[in-house]
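upload.pdb (PDB, C-alpha atoms) appears below.
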ATOM      1  CA  MET A  25      44.670 124.059 127.453
ATOM      2  CA  ARG A  26      48.367 124.191 128.114
ATOM      3  CA  ARG A  27      48.424 120.561 129.198
ATOM      4  CA  THR A  28      46.691 119.554 126.026
ATOM      5  CA  ILE A  29      49.318 121.274 123.927
ATOM      6  CA  VAL A  30      52.087 119.619 125.888
ATOM      7  CA  ILE A  31      50.537 116.192 125.461
ATOM      8  CA  ARG A  32      50.021 116.711 121.745
ATOM      9  CA  LEU A  33      53.598 117.872 121.321
ATOM     10  CA  GLY A  34      54.871 114.809 123.159
ATOM     11  CA  ILE A  35      52.768 112.438 121.110
ATOM     12  CA  SER A  36      53.832 114.166 117.885
ATOM     13  CA  LEU A  37      57.445 113.791 118.885
ATOM     14  CA  LEU A  38      57.157 110.078 119.480
ATOM     15  CA  VAL A  39      55.159 109.498 116.308
ATOM     16  CA  GLY A  40      57.783 111.472 114.370
ATOM     17  CA  ILE A  41      60.664 109.398 115.720
ATOM     18  CA  LEU A  42      58.791 106.181 115.012
ATOM     19  CA  ALA A  43      57.921 107.260 111.463
ATOM     20  CA  ALA A  44      61.516 108.321 110.740
ATOM     21  CA  GLY A  45      62.793 104.959 111.948
ATOM     22  CA  ILE A  46      60.319 103.019 109.836
ATOM     23  CA  ILE A  47      61.006 105.067 106.693
ATOM     24  CA  ASN A  48      64.748 104.704 107.183
ATOM     25  CA  GLU A  49      64.541 100.946 107.636
ATOM     26  CA  VAL A  50      62.151 100.392 104.746
ATOM     27  CA  SER A  51      64.165 102.530 102.314
ATOM     28  CA  PHE A  52      67.381 100.763 103.309
ATOM     29  CA  ARG A  53      65.904  97.313 102.781
ATOM     30  CA  THR A  54      64.259  98.128  99.479
ATOM     31  CA  GLN A  55      67.281  99.563  97.679
ATOM     32  CA  GLU A  56      67.086  97.709  94.399
ATOM     33  CA  ASN A  57      70.777  97.468  93.580
ATOM     34  CA  GLN A  58      72.011  96.391  96.990
ATOM     35  CA  SER A  59      72.983  92.873  96.054
ATOM     36  CA  ARG A  60      74.520  92.075  99.429
ATOM     37  CA  PRO A  61      75.673  93.796 102.586
ATOM     38  CA  PRO A  62      79.183  95.307 102.621
ATOM     39  CA  GLN A  63      81.944  92.904 103.528
ATOM     40  CA  THR A  64      85.683  92.451 103.500
ATOM     41  CA  VAL A  65      86.896  91.000 100.206
ATOM     42  CA  GLU A  66      90.269  89.293 100.446
ATOM     43  CA  LEU A  67      92.513  88.443  97.535
ATOM     44  CA  ILE A  68      95.856  86.695  97.653
ATOM     45  CA  ILE A  69      98.618  87.184  95.153
ATOM     46  CA  PRO A  70     100.415  83.882  95.432
ATOM     47  CA  SER A  71     104.114  83.324  95.242
ATOM     48  CA  GLY A  72     105.237  82.917  91.643
ATOM     49  CA  THR A  73     102.666  85.321  90.209
ATOM     50  CA  ALA A  74     105.298  87.508  88.563
ATOM     51  CA  GLU A  75     106.727  84.444  86.832
ATOM     52  CA  LEU A  76     103.282  83.495  85.545
ATOM     53  CA  VAL A  77     102.796  87.005  84.190
ATOM     54  CA  LYS A  78     106.184  86.868  82.501
ATOM     55  CA  ARG A  79     105.027  83.749  80.690
ATOM     56  CA  GLY A  80     101.859  85.535  79.641
ATOM     57  CA  GLU A  81      99.577  83.556  81.939
ATOM     58  CA  GLN A  82      96.828  85.011  84.087
ATOM     59  CA  PRO A  83      97.088  84.110  87.794
ATOM     60  CA  PRO A  84      93.998  82.042  88.629
ATOM     61  CA  THR A  85      93.282  83.867  91.880
ATOM     62  CA  ILE A  86      92.930  87.317  90.326
ATOM     63  CA  PRO A  87      89.760  87.979  88.309
ATOM     64  CA  GLU A  88      89.878  90.448  85.431
ATOM     65  CA  THR A  89      86.899  92.355  86.790
ATOM     66  CA  LEU A  90      86.208  93.040  90.428
ATOM     67  CA  VAL A  91      82.794  94.312  91.470
ATOM     68  CA  PHE A  92      82.115  95.531  94.969
ATOM     69  CA  VAL A  93      79.317  97.233  96.808
ATOM     70  CA  ALA A  94      79.854 100.555  98.525
ATOM     71  CA  GLY A  95      81.164  99.897 102.001
ATOM     72  CA  ASP A  96      83.268  96.886 101.066
ATOM     73  CA  THR A  97      86.855  96.699 102.219
ATOM     74  CA  LEU A  98      89.314  95.219  99.767
ATOM     75  CA  VAL A  99      92.329  93.479 101.270
ATOM     76  CA  VAL A 100      95.039  92.192  98.946
ATOM     77  CA  ARG A 101      97.873  90.123 100.351
ATOM     78  CA  ASN A 102     101.013  89.877  98.242
ATOM     79  CA  GLU A 103     102.836  86.605  98.892
ATOM     80  CA  ASP A 104     105.007  87.059  95.826
ATOM     81  CA  ILE A 105     108.620  88.174  95.922
ATOM     82  CA  VAL A 106     107.990  91.304  93.846
ATOM     83  CA  ASP A 107     105.686  94.297  94.316
ATOM     84  CA  HIS A 108     102.321  94.231  92.573
ATOM     85  CA  GLN A 109      99.560  96.663  91.832
ATOM     86  CA  LEU A 110      95.900  95.944  91.531
ATOM     87  CA  GLY A 111      93.831  98.874  90.382
ATOM     88  CA  PRO A 112      94.513 101.722  92.793
ATOM     89  CA  LEU A 113      96.370  99.494  95.240
ATOM     90  CA  TRP A 114     100.118  99.095  95.344
ATOM     91  CA  ILE A 115     101.132  96.073  97.369
ATOM     92  CA  PRO A 116     104.826  95.652  98.220
ATOM     93  CA  ALA A 117     106.149  92.103  98.334
ATOM     94  CA  GLY A 118     105.286  90.401 101.607
ATOM     95  CA  SER A 119     102.752  93.073 102.593
ATOM     96  CA  GLU A 120      99.044  93.529 102.307
ATOM     97  CA  ALA A 121      97.170  96.607 101.164
ATOM     98  CA  SER A 122      93.624  97.453 102.095
ATOM     99  CA  LEU A 123      91.176 100.054 100.884
ATOM    100  CA  SER A 124      87.726 100.934 102.101
ATOM    101  CA  LEU A 125      85.477 101.369  99.080
ATOM    102  CA  SER A 126      83.077 103.809 100.594
ATOM    103  CA  GLU A 127      82.142 105.620  97.411
ATOM    104  CA  VAL A 128      80.406 104.466  94.282
ATOM    105  CA  GLY A 129      82.716 104.613  91.297
ATOM    106  CA  ASN A 130      85.074 102.917  88.930
ATOM    107  CA  PHE A 131      88.705 102.320  89.743
ATOM    108  CA  ALA A 132      90.300 101.574  86.418
ATOM    109  CA  ASP A 133      94.034 101.616  86.773
ATOM    110  CA  GLN A 134      97.052  99.698  85.729
ATOM    111  CA  CYS A 135      97.473  96.192  86.977
ATOM    112  CA  SER A 136     100.656  94.176  87.153
ATOM    113  CA  PHE A 137      98.815  90.956  86.413
ATOM    114  CA  ASN A 138      97.685  91.801  82.909
ATOM    115  CA  PRO A 139     100.481  93.799  81.322
ATOM    116  CA  PRO A 140     100.792  95.740  79.271
ATOM    117  CA  THR A 141      97.420  96.777  77.934
ATOM    118  CA  ILE A 142      94.650  95.118  79.891
ATOM    119  CA  SER A 143      93.512  96.811  83.035
ATOM    120  CA  THR A 144      91.738  95.245  85.919
ATOM    121  CA  SER A 145      88.450  97.025  86.297
ATOM    122  CA  MET A 146      87.240  97.615  89.837
ATOM    123  CA  CYS A 147      83.774  98.902  90.383
ATOM    124  CA  ALA A 148      81.869  99.724  93.539
ATOM    125  CA  SER A 149      78.120 100.051  93.314
ATOM    126  CA  ARG A 150      75.313 100.486  95.805
TER     127      ARG A 150
ATOM    128  CA  MET B  23      50.992 112.803 134.492
ATOM    129  CA  GLU B  24      51.106 114.789 131.253
ATOM    130  CA  LYS B  25      54.339 116.479 132.242
ATOM    131  CA  LYS B  26      55.886 113.125 133.040
ATOM    132  CA  PHE B  27      54.869 111.915 129.623
ATOM    133  CA  LEU B  28      56.574 114.900 128.004
ATOM    134  CA  TRP B  29      59.768 114.340 129.924
ATOM    135  CA  VAL B  30      59.830 110.698 128.873
ATOM    136  CA  ALA B  31      59.366 111.746 125.242
ATOM    137  CA  LEU B  32      62.169 114.289 125.488
ATOM    138  CA  GLY B  33      64.361 111.699 127.182
ATOM    139  CA  ILE B  34      63.807 109.222 124.347
ATOM    140  CA  LEU B  35      64.662 111.915 121.812
ATOM    141  CA  ALA B  36      67.871 112.797 123.666
ATOM    142  CA  VAL B  37      68.910 109.137 123.826
ATOM    143  CA  VAL B  38      68.298 108.714 120.084
ATOM    144  CA  ILE B  39      70.334 111.827 119.216
ATOM    145  CA  ILE B  40      73.228 110.760 121.453
ATOM    146  CA  ALA B  41      73.160 107.184 120.094
ATOM    147  CA  VAL B  42      73.267 108.411 116.487
ATOM    148  CA  GLY B  43      76.159 110.729 117.339
ATOM    149  CA  ILE B  44      78.137 107.974 119.052
ATOM    150  CA  ALA B  45      77.469 105.528 116.196
ATOM    151  CA  GLY B  46      78.744 108.042 113.655
ATOM    152  CA  TYR B  47      81.849 108.752 115.705
ATOM    153  CA  VAL B  48      82.625 105.067 116.267
ATOM    154  CA  ASN B  49      82.086 104.305 112.595
ATOM    155  CA  ARG B  50      84.517 107.085 111.625
ATOM    156  CA  GLN B  51      87.105 105.785 114.072
ATOM    157  CA  ASN B  52      86.830 102.242 112.722
ATOM    158  CA  VAL B  53      87.451 103.406 109.175
ATOM    159  CA  ALA B  54      90.721 105.017 110.304
ATOM    160  CA  PHE B  55      92.493 105.843 107.055
ATOM    161  CA  ASP B  56      90.595 106.675 103.882
ATOM    162  CA  GLY B  57      93.601 105.837 101.708
ATOM    163  CA  SER B  58      95.074 102.424 101.032
ATOM    164  CA  VAL B  59      96.895 101.087 104.067
ATOM    165  CA  ILE B  60     100.016  98.964 103.565
ATOM    166  CA  SER B  61     100.598  96.508 106.357
ATOM    167  CA  PRO B  62     103.188  96.086 107.594
ATOM    168  CA  ALA B  63     104.536  99.446 106.513
ATOM    169  CA  ILE B  64     107.788  99.167 104.590
ATOM    170  CA  GLU B  65     110.924 101.258 104.739
ATOM    171  CA  ALA B  66     110.370 103.892 102.050
ATOM    172  CA  PRO B  67     112.746 103.282  99.133
ATOM    173  CA  GLY B  68     115.458 105.903  99.088
ATOM    174  CA  ILE B  69     115.318 108.800  96.641
ATOM    175  CA  THR B  70     118.309 110.920  95.699
ATOM    176  CA  LEU B  71     117.637 113.280  92.808
ATOM    177  CA  THR B  72     118.140 116.870  91.713
ATOM    178  CA  GLY B  73     115.579 119.210  93.224
ATOM    179  CA  SER B  74     113.826 122.119  91.569
ATOM    180  CA  THR B  75     115.962 124.233  93.865
ATOM    181  CA  GLY B  76     119.003 123.021  91.904
ATOM    182  CA  GLU B  77     120.362 121.138  94.879
ATOM    183  CA  THR B  78     120.557 117.415  95.515
ATOM    184  CA  VAL B  79     117.516 116.266  97.425
ATOM    185  CA  ARG B  80     117.322 113.076  99.450
ATOM    186  CA  LEU B  81     114.150 111.609 100.835
ATOM    187  CA  SER B  82     115.956 111.210 104.138
ATOM    188  CA  ASP B  83     116.334 115.022 104.290
ATOM    189  CA  TYR B  84     112.689 115.111 105.323
ATOM    190  CA  ARG B  85     112.857 112.600 108.144
ATOM    191  CA  GLY B  86     110.589 113.946 110.858
ATOM    192  CA  LYS B  87     108.053 115.234 108.349
ATOM    193  CA  VAL B  88     105.253 113.490 106.505
ATOM    194  CA  VAL B  89     106.275 113.295 102.848
ATOM    195  CA  LEU B  90     103.862 112.979  99.946
ATOM    196  CA  VAL B  91     105.549 111.605  96.820
ATOM    197  CA  PHE B  92     103.766 111.942  93.499
ATOM    198  CA  PHE B  93     104.938 110.988  90.003
ATOM    199  CA  GLY B  94     104.004 113.181  87.057
ATOM    200  CA  TYR B  95     105.189 115.767  84.569
ATOM    201  CA  THR B  96     104.678 119.452  83.975
ATOM    202  CA  SER B  97     102.897 119.143  80.615
ATOM    203  CA  CYS B  98     100.445 116.600  82.016
ATOM    204  CA  PRO B  99      96.937 117.817  81.160
ATOM    205  CA  ASP B 100      94.801 116.069  83.745
ATOM    206  CA  GLU B 101      95.743 113.951  86.754
ATOM    207  CA  CYS B 102      98.924 115.831  87.686
ATOM    208  CA  PRO B 103      97.475 119.353  87.971
ATOM    209  CA  ALA B 104      94.325 117.943  89.567
ATOM    210  CA  THR B 105      96.352 116.111  92.204
ATOM    211  CA  LEU B 106      98.658 119.043  92.876
ATOM    212  CA  ALA B 107      95.680 121.388  93.235
ATOM    213  CA  ILE B 108      94.166 119.038  95.802
ATOM    214  CA  LEU B 109      97.445 118.806  97.702
ATOM    215  CA  ARG B 110      97.674 122.604  97.701
ATOM    216  CA  GLN B 111      94.174 122.727  99.174
ATOM    217  CA  VAL B 112      95.073 120.140 101.797
ATOM    218  CA  ARG B 113      98.177 122.035 102.856
ATOM    219  CA  ALA B 114      96.156 125.230 103.116
ATOM    220  CA  ASP B 115      93.581 123.465 105.283
ATOM    221  CA  LEU B 116      96.309 122.090 107.530
ATOM    222  CA  GLY B 117      97.260 125.603 108.602
ATOM    223  CA  ALA B 118     100.359 125.662 110.779
ATOM    224  CA  GLU B 119     100.723 121.888 110.464
ATOM    225  CA  ALA B 120     101.473 122.311 106.754
ATOM    226  CA  ALA B 121     105.085 122.917 107.748
ATOM    227  CA  GLU B 122     105.183 119.259 108.787
ATOM    228  CA  VAL B 123     104.144 118.033 105.354
ATOM    229  CA  GLN B 124     106.433 118.040 102.298
ATOM    230  CA  VAL B 125     105.186 117.398  98.775
ATOM    231  CA  LEU B 126     107.649 115.959  96.259
ATOM    232  CA  LEU B 127     106.874 115.644  92.549
ATOM    233  CA  VAL B 128     109.148 113.157  90.781
ATOM    234  CA  THR B 129     109.125 113.906  87.090
ATOM    235  CA  THR B 130     108.318 111.221  84.576
ATOM    236  CA  ASP B 131     109.477 113.439  81.717
ATOM    237  CA  PRO B 132     113.053 114.433  82.503
ATOM    238  CA  ALA B 133     113.681 115.588  78.937
ATOM    239  CA  GLN B 134     111.283 118.504  79.412
ATOM    240  CA  ASP B 135     111.255 118.918  83.153
ATOM    241  CA  THR B 136     114.440 120.709  84.052
ATOM    242  CA  PRO B 137     114.828 121.985  87.621
ATOM    243  CA  GLU B 138     113.838 125.455  86.391
ATOM    244  CA  GLN B 139     110.771 124.151  84.587
ATOM    245  CA  LEU B 140     109.713 122.196  87.668
ATOM    246  CA  ALA B 141     110.230 125.230  89.899
ATOM    247  CA  ASN B 142     108.137 127.471  87.635
ATOM    248  CA  TYR B 143     105.390 124.889  87.341
ATOM    249  CA  LEU B 144     105.157 124.047  91.027
ATOM    250  CA  SER B 145     105.292 127.646  92.196
ATOM    251  CA  ALA B 146     101.896 128.111  90.560
ATOM    252  CA  PHE B 147     100.508 125.558  93.000
ATOM    253  CA  ASP B 148     102.504 125.964  96.183
ATOM    254  CA  PRO B 149     106.018 127.399  96.516
ATOM    255  CA  ALA B 150     106.753 124.768  99.156
ATOM    256  CA  PHE B 151     106.335 121.910  96.667
ATOM    257  CA  ILE B 152     109.625 120.497  95.421
ATOM    258  CA  GLY B 153     110.140 118.894  92.022
ATOM    259  CA  LEU B 154     112.712 116.172  91.453
ATOM    260  CA  THR B 155     114.517 115.176  88.308
ATOM    261  CA  GLY B 156     117.683 113.345  87.410
ATOM    262  CA  SER B 157     119.383 111.067  84.960
ATOM    263  CA  GLY B 158     117.411 108.386  83.178
ATOM    264  CA  SER B 159     118.995 105.620  85.218
ATOM    265  CA  ASP B 160     118.479 107.380  88.557
ATOM    266  CA  LEU B 161     114.835 108.015  87.774
ATOM    267  CA  GLU B 162     114.311 104.484  86.468
ATOM    268  CA  ALA B 163     115.523 103.128  89.789
ATOM    269  CA  VAL B 164     113.022 105.271  91.673
ATOM    270  CA  TYR B 165     110.180 104.293  89.319
ATOM    271  CA  ARG B 166     111.032 100.628  89.839
ATOM    272  CA  ASP B 167     111.232 100.932  93.622
ATOM    273  CA  TYR B 168     107.830 102.609  93.781
ATOM    274  CA  GLY B 169     106.163 100.399  91.205
ATOM    275  CA  VAL B 170     105.644 103.231  88.750
ATOM    276  CA  THR B 171     105.351 102.452  85.060
ATOM    277  CA  VAL B 172     106.300 105.339  82.801
ATOM    278  CA  MET B 173     105.299 105.272  79.179
ATOM    279  CA  GLU B 174     106.378 107.286  76.196
ATOM    280  CA  GLY B 175     106.209 111.026  76.805
ATOM    281  CA  GLY B 176     106.176 110.652  80.577
ATOM    282  CA  GLU B 177     102.624 109.444  80.846
ATOM    283  CA  THR B 178     102.044 107.154  83.791
ATOM    284  CA  HIS B 179      99.064 105.276  85.104
ATOM    285  CA  SER B 180     100.478 105.328  88.603
ATOM    286  CA  THR B 181      98.428 108.245  89.807
ATOM    287  CA  ARG B 182      98.545 107.418  93.482
ATOM    288  CA  VAL B 183     100.343 109.544  96.062
ATOM    289  CA  TYR B 184     102.785 107.719  98.334
ATOM    290  CA  VAL B 185     102.647 108.838 101.958
ATOM    291  CA  ILE B 186     105.800 108.441 104.016
ATOM    292  CA  ASP B 187     105.528 109.005 107.747
ATOM    293  CA  ARG B 188     107.885 110.893 110.042
ATOM    294  CA  ASP B 189     109.976 107.755 110.562
ATOM    295  CA  GLY B 190     110.508 107.115 106.871
ATOM    296  CA  LYS B 191     107.953 104.311 106.704
ATOM    297  CA  LEU B 192     105.708 103.894 103.715
ATOM    298  CA  GLY B 193     102.391 102.594 105.010
ATOM    299  CA  LEU B 194      99.816 104.540 103.068
ATOM    300  CA  THR B 195      99.004 105.430  99.483
ATOM    301  CA  LEU B 196      96.312 107.815  98.317
ATOM    302  CA  PRO B 197      94.463 106.574  95.243
ATOM    303  CA  TYR B 198      93.589 109.167  92.632
ATOM    304  CA  GLY B 199      90.179 110.656  93.253
ATOM    305  CA  MET B 200      90.332 111.077  97.013
ATOM    306  CA  THR B 201      88.817 114.334  98.189
ATOM    307  CA  PRO B 202      90.798 117.011 100.050
ATOM    308  CA  ASP B 203      88.810 116.226 103.192
ATOM    309  CA  GLU B 204      89.704 112.544 103.019
ATOM    310  CA  ILE B 205      93.386 113.315 102.508
ATOM    311  CA  LEU B 206      93.271 115.879 105.299
ATOM    312  CA  HIS B 207      91.757 113.268 107.599
ATOM    313  CA  ASP B 208      94.546 110.779 106.821
ATOM    314  CA  LEU B 209      97.306 113.345 107.202
ATOM    315  CA  ARG B 210      95.958 114.513 110.541
ATOM    316  CA  LEU B 211      96.014 110.928 111.741
ATOM    317  CA  LEU B 212      99.654 110.642 110.688
ATOM    318  CA  LEU B 213     100.538 113.983 112.211
ATOM    319  CA  GLY B 214      98.929 112.921 115.453
ATOM    320  CA  SER B 215      96.301 115.633 115.397
ATOM    321  CA  GLY B 216      93.429 113.641 113.891
TER     322      GLY B 216
END

So that I can check it, write out the structure of this file as structure tokens.
Amino acid sequence: MRRTIVIRLGISLLVGILAAGIINEVSFRTQENQSRPPQTVELIIPSGTAELVKRGEQPPTIPETLVFVAGDTLVVRNEDIVDHQLGPLWIPAGSEASLSLSEVGNFADQCSFNPPTISTSMCASR
Amino acid sequence: MEKKFLWVALGILAVVIIAVGIAGYVNRQNVAFDGSVISPAIEAPGITLTGSTGETVRLSDYRGKVVLVFFGYTSCPDECPATLAILRQVRADLGAEAAEVQVLLVTTDPAQDTPEQLANYLSAFDPAFIGLTGSGSDLEAVYRDYGVTVMEGGETHSTRVYVIDRDGKLGLTLPYGMTPDEILHDLRLLLGSG
């Protein structure tokens, strides 16, 4: 009797682990809005960007809207001779700034590329 | 035979639990800072302004501590009190290590924010917080050095907190919206206790 209980407990345990693994994998792979796996997104602010902005031109390497998926890491390298900001990032001249976008949300903030009224919209979704 | 089977099952379960624990730990370590990392870290631009204590305050006075610099104003209705409340919470959670962390609020509305006004305002959050004000030109220089744009009435969209390490290096900013736990995690890394 006791052996039977032990065997049934053991089998239940293994079946439970297997079921949890399958459910976890299936739910992960069927998330509707997951357009791609998380990755590192790199942007470069080229030298001369501040001059372009002064002339009212939009630097070609910086999109007006940036959309990420949760888990992405944004890396922005500033090769210009002045500091820049992109959404929540402040990037001193000659440096790079990185941010792990682990949470879903919008990051609307000022941007030095589109002054004075247009903001770069950054959005992380699942 | 049956007992052996049970032990194998328990062994598999133990391995799974340990593997999940290790994966979580490794993942946390890889993330390192939750804030925005600046690489290479730069020498923090100097700040010399009048403190809410009435005395001249220099950023270099706090060499050896981790300094959190935030720009805002005392009549700010939203981001400023929200950020200061979070920083108060973080300092409370740090316990004894809070003595190693200094919060500086640089006013963006010097017309209203006298040293006395700053002192009264900040004491409601944490008596250890220090407010900074100064002449228009002195403040403008600080805004420029830290990439802060101040609009009419002191409003600013630069809601991040600048984190300066014990050596005076600026290598981390905290975007608005970070939780106290995330900030605590980053500060503990900088303090060497994380």

Find the spatial neighbours of segment 140-156 of chain B, counting all atoms listed in the file, within a cut-off of 9 Å - ignore same-chain residues fewer than 4 positions away - and output them as a PyMOL selection string. chain B and resi 70-75+78-79+95-96+103+106-107+109-110+113+121+124-132+135-136+160-161

Selected residues written out, C-alpha atoms, as a tab-separated table (two decimals), in the coordinates of the input:
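Final output, saved to selection-v2.tsv:
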chain	number	residue	atom	x	y	z
B	70	THR	CA	118.31	110.92	95.70
B	71	LEU	CA	117.64	113.28	92.81
B	72	THR	CA	118.14	116.87	91.71
B	73	GLY	CA	115.58	119.21	93.22
B	74	SER	CA	113.83	122.12	91.57
B	75	THR	CA	115.96	124.23	93.86
B	78	THR	CA	120.56	117.42	95.52
B	79	VAL	CA	117.52	116.27	97.42
B	95	TYR	CA	105.19	115.77	84.57
B	96	THR	CA	104.68	119.45	83.98
B	103	PRO	CA	97.48	119.35	87.97
B	106	LEU	CA	98.66	119.04	92.88
B	107	ALA	CA	95.68	121.39	93.24
B	109	LEU	CA	97.44	118.81	97.70
B	110	ARG	CA	97.67	122.60	97.70
B	113	ARG	CA	98.18	122.04	102.86
B	121	ALA	CA	105.08	122.92	107.75
B	124	GLN	CA	106.43	118.04	102.30
B	125	VAL	CA	105.19	117.40	98.78
B	126	LEU	CA	107.65	115.96	96.26
B	127	LEU	CA	106.87	115.64	92.55
B	128	VAL	CA	109.15	113.16	90.78
B	129	THR	CA	109.12	113.91	87.09
B	130	THR	CA	108.32	111.22	84.58
B	131	ASP	CA	109.48	113.44	81.72
B	132	PRO	CA	113.05	114.43	82.50
B	135	ASP	CA	111.26	118.92	83.15
B	136	THR	CA	114.44	120.71	84.05
B	160	ASP	CA	118.48	107.38	88.56
B	161	LEU	CA	114.84	108.02	87.77

Could you state which residues are captured by the ChimeraX specification (/A :<9) & /B in this file, as JSON, numbers by chain? {"B": [24, 25, 27, 28, 29, 30, 31, 32, 34, 35, 38, 53, 55, 56, 57, 58, 59, 60, 61, 62, 63, 64, 167, 168, 169, 171, 179, 180, 181, 182, 193, 194, 195, 196, 197, 198]}

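If you look at atom CA of Gly175 of chain B and atom CA of Gly199 of chain B, they are 23.0 Å away from each other.
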
Hits from the PyMOL selection byres ((chain A and resi 65-76) around 7), listed as a short mmCIF file (atom, residue, chain, number, x, y, z; two decimals) with C-alpha atoms, in the frame of the given file:
data_model
loop_
_atom_site.label_atom_id
_atom_site.label_comp_id
_atom_site.auth_asym_id
_atom_site.auth_seq_id
_atom_site.Cartn_x
_atom_site.Cartn_y
_atom_site.Cartn_z
CA GLN A 63 81.94 92.90 103.53
CA THR A 64 85.68 92.45 103.50
CA VAL A 77 102.80 87.00 84.19
CA LYS A 78 106.18 86.87 82.50
CA ARG A 79 105.03 83.75 80.69
CA GLY A 80 101.86 85.54 79.64
CA GLU A 81 99.58 83.56 81.94
CA GLN A 82 96.83 85.01 84.09
CA PRO A 83 97.09 84.11 87.79
CA THR A 85 93.28 83.87 91.88
CA ASP A 96 83.27 96.89 101.07
CA THR A 97 86.86 96.70 102.22
CA LEU A 98 89.31 95.22 99.77
CA VAL A 99 92.33 93.48 101.27
CA VAL A 100 95.04 92.19 98.95
CA ARG A 101 97.87 90.12 100.35
CA ASN A 102 101.01 89.88 98.24
CA GLU A 103 102.84 86.60 98.89
CA ASP A 104 105.01 87.06 95.83
CA ILE A 105 108.62 88.17 95.92
#
